[in-house]
Protein chains: 6
Amino acid sequence: MSDYDQSPNYQRGLNLVKEMLGDRFLAGLTASAESGAFAADCASIAIESAFGAVWSRPGLARRDRSLVTLGILIASGKSAELRNHVRAGLNNGLGVEELQEVMIQAFPYCGFPCVAEAIEATIAVLRERGLIDDSTQSAKERGLL
Amino acid sequence: MSDYDQSPNYQRGLNLVKEMLGDRFLAGLTASAESGAFAADCASIAIESAFGAVWSRPGLARRDRSLVTLGILIASGKSAELRNHVRAGLNNGLGVEELQEVMIQAFPYCGFPCVAEAIEATIAVLRERGLIDDSTQSAKERGLL
Amino acid sequence: MSDYDQSPNYQRGLNLVKEMLGDRFLAGLTASAESGAFAADCASIAIESAFGAVWSRPGLARRDRSLVTLGILIASGKSAELRNHVRAGLNNGLGVEELQEVMIQAFPYCGFPCVAEAIEATIAVLRERGLIDDSTQSAKERGLL
Amino acid sequence: MSDYDQSPNYQRGLNLVKEMLGDRFLAGLTASAESGAFAADCASIAIESAFGAVWSRPGLARRDRSLVTLGILIASGKSAELRNHVRAGLNNGLGVEELQEVMIQAFPYCGFPCVAEAIEATIAVLRERGLIDDSTQSAKERGLL
Amino acid sequence: MSDYDQSPNYQRGLNLVKEMLGDRFLAGLTASAESGAFAADCASIAIESAFGAVWSRPGLARRDRSLVTLGILIASGKSAELRNHVRAGLNNGLGVEELQEVMIQAFPYCGFPCVAEAIEATIAVLRERGLIDDSTQSAKERGLL
Amino acid sequence: MSDYDQSPNYQRGLNLVKEMLGDRFLAGLTASAESGAFAADCASIAIESAFGAVWSRPGLARRDRSLVTLGILIASGKSAELRNHVRAGLNNGLGVEELQEVMIQAFPYCGFPCVAEAIEATIAVLRERGLIDDSTQSAKERGLL
């Protein structure tokens with residue numbers, strides 16, 4: 001058992017995960033944190049230090065924190081984590097057109113290959129949420145990637 | 001001589017550079033673009049394609065574009081370009097506390113070394129603008145980096 | 001509808017995509033650009049600014065531009081885009097042995113993990129083009145990766 | 001046929017691959033090196049220069065070299081090669097709890113997205129070796145990634 | 001004033017910084033954390049979450065954590081932070097020859113440019129500690145970099 | 001003393017360094033390799049494995065290998081090593097305009113920040129060689145970076 005769950009940041013983190021990523025994600029993350037399995041403490045550290053200590057800080061709106069985080073994840077090519085933060089960004093108030101512009105904004109600073117990968121990840125989330133037409137094809141689906 | 005300067009994006013780009021980075025930066029960038037010297041077209045391409053074609057798009061506020069760009073530059077460790085975009089971010093409406101939070105937001109996604117470098121660059125700009133106390137010492141100045 | 005397609009660079013870009021990546025890729029890219037779907041303008045920007053404004057420049061042969069681009073994509077680990085540029089490189093005059101040497105040249109500058117991923121992507125394209133023996137196994141297929 | 005296999009480093013490399021990665025991996029690597037197929041010399045170079053010239057050096061224990069290599073591969077996001085080096089690390093004396101701590105150690109220096117990907121790769125190897133409970137779920141399997 | 005300094009991890013972190021990086025570094029870091037200046041909380045977060053929550057964990061020796069951290073910092077090209085962790089590594093029991101081998105070990109996984117930068121940073125620390133001959137010239141000092 | 005210098009690749013490497021980087025660089029590199037100082041073997045490994053085993057291979061012209069290497073170094077932001085390879089590229093037959101186009105070619109694949117840093121490094125070498133006008137100012141010298 002972990003001793004992370006006593007800290008105020010851990011509680012703040014749980015609330016924030018729930019609001020930003022929903023009940024199902026929260027359930028998965030706490031189940032992972034409490035599993036005692038390999039690297040389970042990583043989930044606890046994520047809850048406490050990423051969500052509790054950082055995301056919960058005042059001084060910058062959550063929607064703004066989402067924009068910074070999306071920029072980071074596009075640049076570093078982390079598609080799996082990016083999908084989570086497209087979901088969080090939608091919950092934090094970003095619209096579909098804004099997400100499109102986030103992707104395009106990255107082009108002069110990261111180049112096309114990063115942007116193209118990020119668009120694939122974003123389309124997957126938008127489709128899952130029913131926010132784009134089913135007929136929308138990604139570059140990969142068109143054989144361009 | 002370049003044929004970039006005829007395009008509507010080039011004109012849009014010039015306006016945007018002026019508004020976001022000021023007259024002196026604009027003068028330097030156009031002087032570079034018109035110099036005909038080595039890689040001068042890079043300045044033209046920056047004006048036309050980064051500022052004219054991307055930054056000028058509707059659909060995402062400039063302040064939001066700044067947040068995405070700051071995230072990208074922190075993650076990719078590009079301190080020189082980051083200084084320009086801290087300046088642009090201030091002109092686009094970001095406050096000092098918000099910039100601080102942008103840096104801290106990056107920690108769980110990039111790790112400390114990227115954040116520490118980004119803070120050095122940001123402090124340099126804030127000092128240049130008189131936005132932080134002269135006595136503020138960066139980690140580097142304290143011998144921590 | 002996009003206003004990209006009026007520019008001379010857009011037309012130059014279309015020609016270049018056709019020559020370097022073929023009719024089918026061109027059809028997919030223009031369909032994407034004209035779809036009006038999420039991030040469709042990214043395809044337009046690729047046509048206009050990557051292919052039209054950069055690849056179409058004089059001063060460096062296309063085969064040379066392919067070599068630079070392959071180096072970039074190997075180093076940045078962008079396998080999907082690398083497959084497109086192995087195809088383009090073949091159309092721009094690079095032979096199979098030369099592609100092999102491009103991969104090996106990257107080793108001292110990027111290390112093995114980047115090179116190994118790049119070889120996987122390259123073998124996939126060479127097989128698709130019938131340029132290597134069907135019995136050639138990649139490191140992944142041999143269980144080495 | 002390659003002329004790599006005459007060098008003393010090549011022989012040292014073969015021994016080291018056998019000890020660190022086992023007979024099956026060695027068989028695959030030498031088959032690849034001797035295949036004469038596309039980029040086969042890469043396997044020879046790996047044997048001679050990575051395993052023969054570097055890993056075989058005195059001055060740092062193999063278990064220590066594994067720790068450095070794991071740090072590098074986590075930071076650079078090379079999951080396929082990381083799996084090989086989790087296997088090598090186990091053979092070089094690292095235990096399961098130590099591997100867990102290697103992953104957690106990376107968090108403040110690389111950020112969560114790198115760590116999360118590395119944990120996925122490590123769990124795959126630990127499962128393959130029967131070193132963790134079959135019921136251990138990775139973040140990906142829990143829908144968190 | 002920060003509320004970080006109440007947590008048990010903060011106290012653990014302070015002890016660990018003192019042992020690994022010495023009194024002077026600790027004084028600089030706590031002065032930074034307590035300064036209330038721009039991004040001062042970053043120092044608090046470093047103490048609490050990097051040193052207190054991660055470095056203080058059982059399950060992996062400090063010398064081993066140093067090896068992982070050195071690997072990460074070589075790969076990500078963070079020379080300033082690397083100097084701190086060469087110092088920490090020496091305090092955690094790594095010898096000069098071992099540090100040399102850490103650098104050489106990185107070559108097949110990161111390539112020469114990363115290794116060359118890391119050696120420059122390491123030589124600077126070794127010289128500062130009087131651990132190498134004053135006449136030792138780095139590649140940069142020889143005009144090779 | 002090193003046992004690297006007996007191998008045929010070491011001799012090939014020495015010849016190649018001389019041809020590509022000149023007598024002075026060769027003298028510095030061999031002095032470093034023979035110094036027995038910290039990490040001196042890195043110089044030997046560079047001579048033997050980068051220059052001897054890789055650059056000396058048939059199958060791809062040296063000028064082509066320079067183009068690949070420049071692409072890699074631009075993408076990975078290694079300015080110090082890039083200066084060496086701009087020098088090598090000039091000796092391998094690349095002209096000033098071609099080098100300019102190498103930089104511009106990188107823009108759509110790496111983004112501006114990488115390109116801007118690479119141009120600074122290239123201008124430094126071109127100036128040192130007397131290949132550009134003394135009045136050419138880099139972006140940094142114009143206060144743009």
# chains A, B, ... in the order shown; residues from 1 in each chain; ligands from 1
>>> interface_residues(of="chain D", to="chain B", cutoff="6 Å", atoms="only C-alpha atoms", output="PyMOL selection string")
chain D and resi 108-112
>>> residues_around(residues="D:Asp64", least_positions_apart="6", cutoff="9 Å", atoms="only C-alpha atoms", output="list of chain:residue names")
D:Asn92, E:Asp64, E:Leu67, E:Val68, E:Val102
>>> select_by_dssp(residues="stretch 99-135 of chain F", states="helix (DSSP H, G or I)", output="VMD selection string")
chain F and resid 99 to 110 112 to 128
>>> residues_around(residues="E:Pro58", least_positions_apart="4", cutoff="12 Å", atoms="only C-alpha atoms", output="VMD selection string")
(chain D and resid 97 to 98 100 to 102 104 to 105) or (chain E and resid 52 to 54 62 64 to 65)
>>> residues_around(residues="B:Met20", least_positions_apart="4", cutoff="9 Å", atoms="only C-alpha atoms", output="JSON, numbers by chain")
{"B": [15, 16, 87, 88, 89, 90, 91, 92]}
>>> atom_distance(atom1="atom CA of D:Gly77", atom2="atom CA of F:Ala43")
27.5 Å
>>> closest_residue(among="C:Leu73, C:Ala39, C:Gly22, C:Asn84", to="A:Ala118", atoms="only C-alpha atoms")
C:Ala39
>>> closest_residue(among="D:Leu26, D:Ala37, D:Ile132, D:Ile47", to="D:Pro8", atoms="only C-alpha atoms")
D:Ile47
>>> atom_distance(atom1="atom CA of A:Ala124", atom2="atom CA of D:Leu145")
13.0 Å
>>> residues_around(residues="C:Ser7", least_positions_apart="6", cutoff="12 Å", atoms="only C-alpha atoms", output="PyMOL selection string")
(chain B and resi 4+6-9) or (chain C and resi 13-14+44-45+47-49+52-53)
>>> decode(residues="stretch 56-68 of chain E", atoms="all heavy atoms", output="compact mmCIF listing (two decimals), in the first residue's frame")
# COMPACT_ATOMS: atom_id res chain seq x y z
N SER E 56 14.52 9.67 -2.85
CA SER E 56 14.53 9.09 -1.50
C SER E 56 13.89 7.70 -1.42
O SER E 56 13.89 7.08 -0.36
CB SER E 56 13.77 10.02 -0.54
OG SER E 56 14.36 11.30 -0.52
N ARG E 57 13.32 7.23 -2.50
CA ARG E 57 12.65 5.93 -2.47
C ARG E 57 13.65 4.80 -2.22
O ARG E 57 14.78 4.85 -2.68
CB ARG E 57 11.96 5.65 -3.82
CG ARG E 57 10.76 6.55 -4.10
CD ARG E 57 10.26 6.31 -5.51
NE ARG E 57 9.82 4.94 -5.69
CZ ARG E 57 8.57 4.51 -5.52
NH1 ARG E 57 7.61 5.37 -5.20
NH2 ARG E 57 8.25 3.24 -5.68
N PRO E 58 13.20 3.76 -1.53
CA PRO E 58 14.03 2.55 -1.43
C PRO E 58 13.94 1.77 -2.75
O PRO E 58 13.24 2.18 -3.67
CB PRO E 58 13.36 1.77 -0.31
CG PRO E 58 11.92 2.18 -0.36
CD PRO E 58 11.91 3.61 -0.85
N GLY E 59 14.69 0.68 -2.83
CA GLY E 59 14.53 -0.22 -3.97
C GLY E 59 15.59 -0.07 -5.04
O GLY E 59 15.71 -0.93 -5.92
N LEU E 60 16.33 1.03 -5.00
CA LEU E 60 17.43 1.19 -5.96
C LEU E 60 18.47 2.09 -5.29
O LEU E 60 18.13 3.15 -4.77
CB LEU E 60 16.94 1.82 -7.27
CG LEU E 60 17.93 1.86 -8.45
CD1 LEU E 60 18.23 0.46 -8.97
CD2 LEU E 60 17.40 2.72 -9.60
N ALA E 61 19.71 1.63 -5.31
CA ALA E 61 20.78 2.39 -4.64
C ALA E 61 20.97 3.76 -5.29
O ALA E 61 20.70 3.93 -6.48
CB ALA E 61 22.09 1.60 -4.73
N ARG E 62 21.44 4.71 -4.51
CA ARG E 62 21.66 6.06 -5.04
C ARG E 62 22.66 6.06 -6.20
O ARG E 62 22.48 6.79 -7.17
CB ARG E 62 22.23 6.97 -3.95
CG ARG E 62 21.16 7.53 -3.10
CD ARG E 62 21.72 8.62 -2.22
NE ARG E 62 20.90 8.70 -1.03
CZ ARG E 62 21.22 9.39 0.03
NH1 ARG E 62 22.35 10.08 0.06
NH2 ARG E 62 20.41 9.41 1.06
N ARG E 63 23.70 5.27 -6.06
CA ARG E 63 24.68 5.19 -7.15
C ARG E 63 24.00 4.70 -8.43
O ARG E 63 24.28 5.19 -9.53
CB ARG E 63 25.81 4.24 -6.74
CG ARG E 63 26.95 4.12 -7.74
CD ARG E 63 28.02 3.18 -7.20
NE ARG E 63 28.96 2.79 -8.24
CZ ARG E 63 28.69 1.89 -9.18
NH1 ARG E 63 27.51 1.31 -9.24
NH2 ARG E 63 29.61 1.59 -10.09
N ASP E 64 23.09 3.75 -8.29
CA ASP E 64 22.34 3.26 -9.45
C ASP E 64 21.43 4.34 -10.02
O ASP E 64 21.31 4.49 -11.24
CB ASP E 64 21.49 2.05 -9.06
CG ASP E 64 22.33 0.83 -8.72
OD1 ASP E 64 23.52 0.80 -9.08
OD2 ASP E 64 21.79 -0.11 -8.09
N ARG E 65 20.78 5.08 -9.13
CA ARG E 65 19.92 6.18 -9.61
C ARG E 65 20.75 7.22 -10.36
O ARG E 65 20.30 7.79 -11.35
CB ARG E 65 19.17 6.84 -8.44
CG ARG E 65 18.12 5.93 -7.82
CD ARG E 65 17.26 6.61 -6.75
NE ARG E 65 16.39 5.65 -6.08
CZ ARG E 65 15.16 5.33 -6.52
NH1 ARG E 65 14.65 5.92 -7.57
NH2 ARG E 65 14.44 4.42 -5.87
N SER E 66 21.97 7.43 -9.89
CA SER E 66 22.86 8.35 -10.62
C SER E 66 23.14 7.85 -12.04
O SER E 66 23.14 8.64 -12.98
CB SER E 66 24.19 8.52 -9.87
OG SER E 66 24.08 9.50 -8.87
N LEU E 67 23.38 6.56 -12.16
CA LEU E 67 23.69 6.02 -13.49
C LEU E 67 22.51 6.21 -14.45
O LEU E 67 22.69 6.60 -15.61
CB LEU E 67 24.06 4.54 -13.38
CG LEU E 67 25.41 4.26 -12.71
CD1 LEU E 67 25.52 2.80 -12.30
CD2 LEU E 67 26.58 4.65 -13.62
N VAL E 68 21.31 5.93 -13.97
CA VAL E 68 20.12 6.13 -14.80
C VAL E 68 19.99 7.61 -15.19
O VAL E 68 19.76 7.94 -16.37
CB VAL E 68 18.84 5.68 -14.05
CG1 VAL E 68 17.59 6.00 -14.86
CG2 VAL E 68 18.91 4.20 -13.73
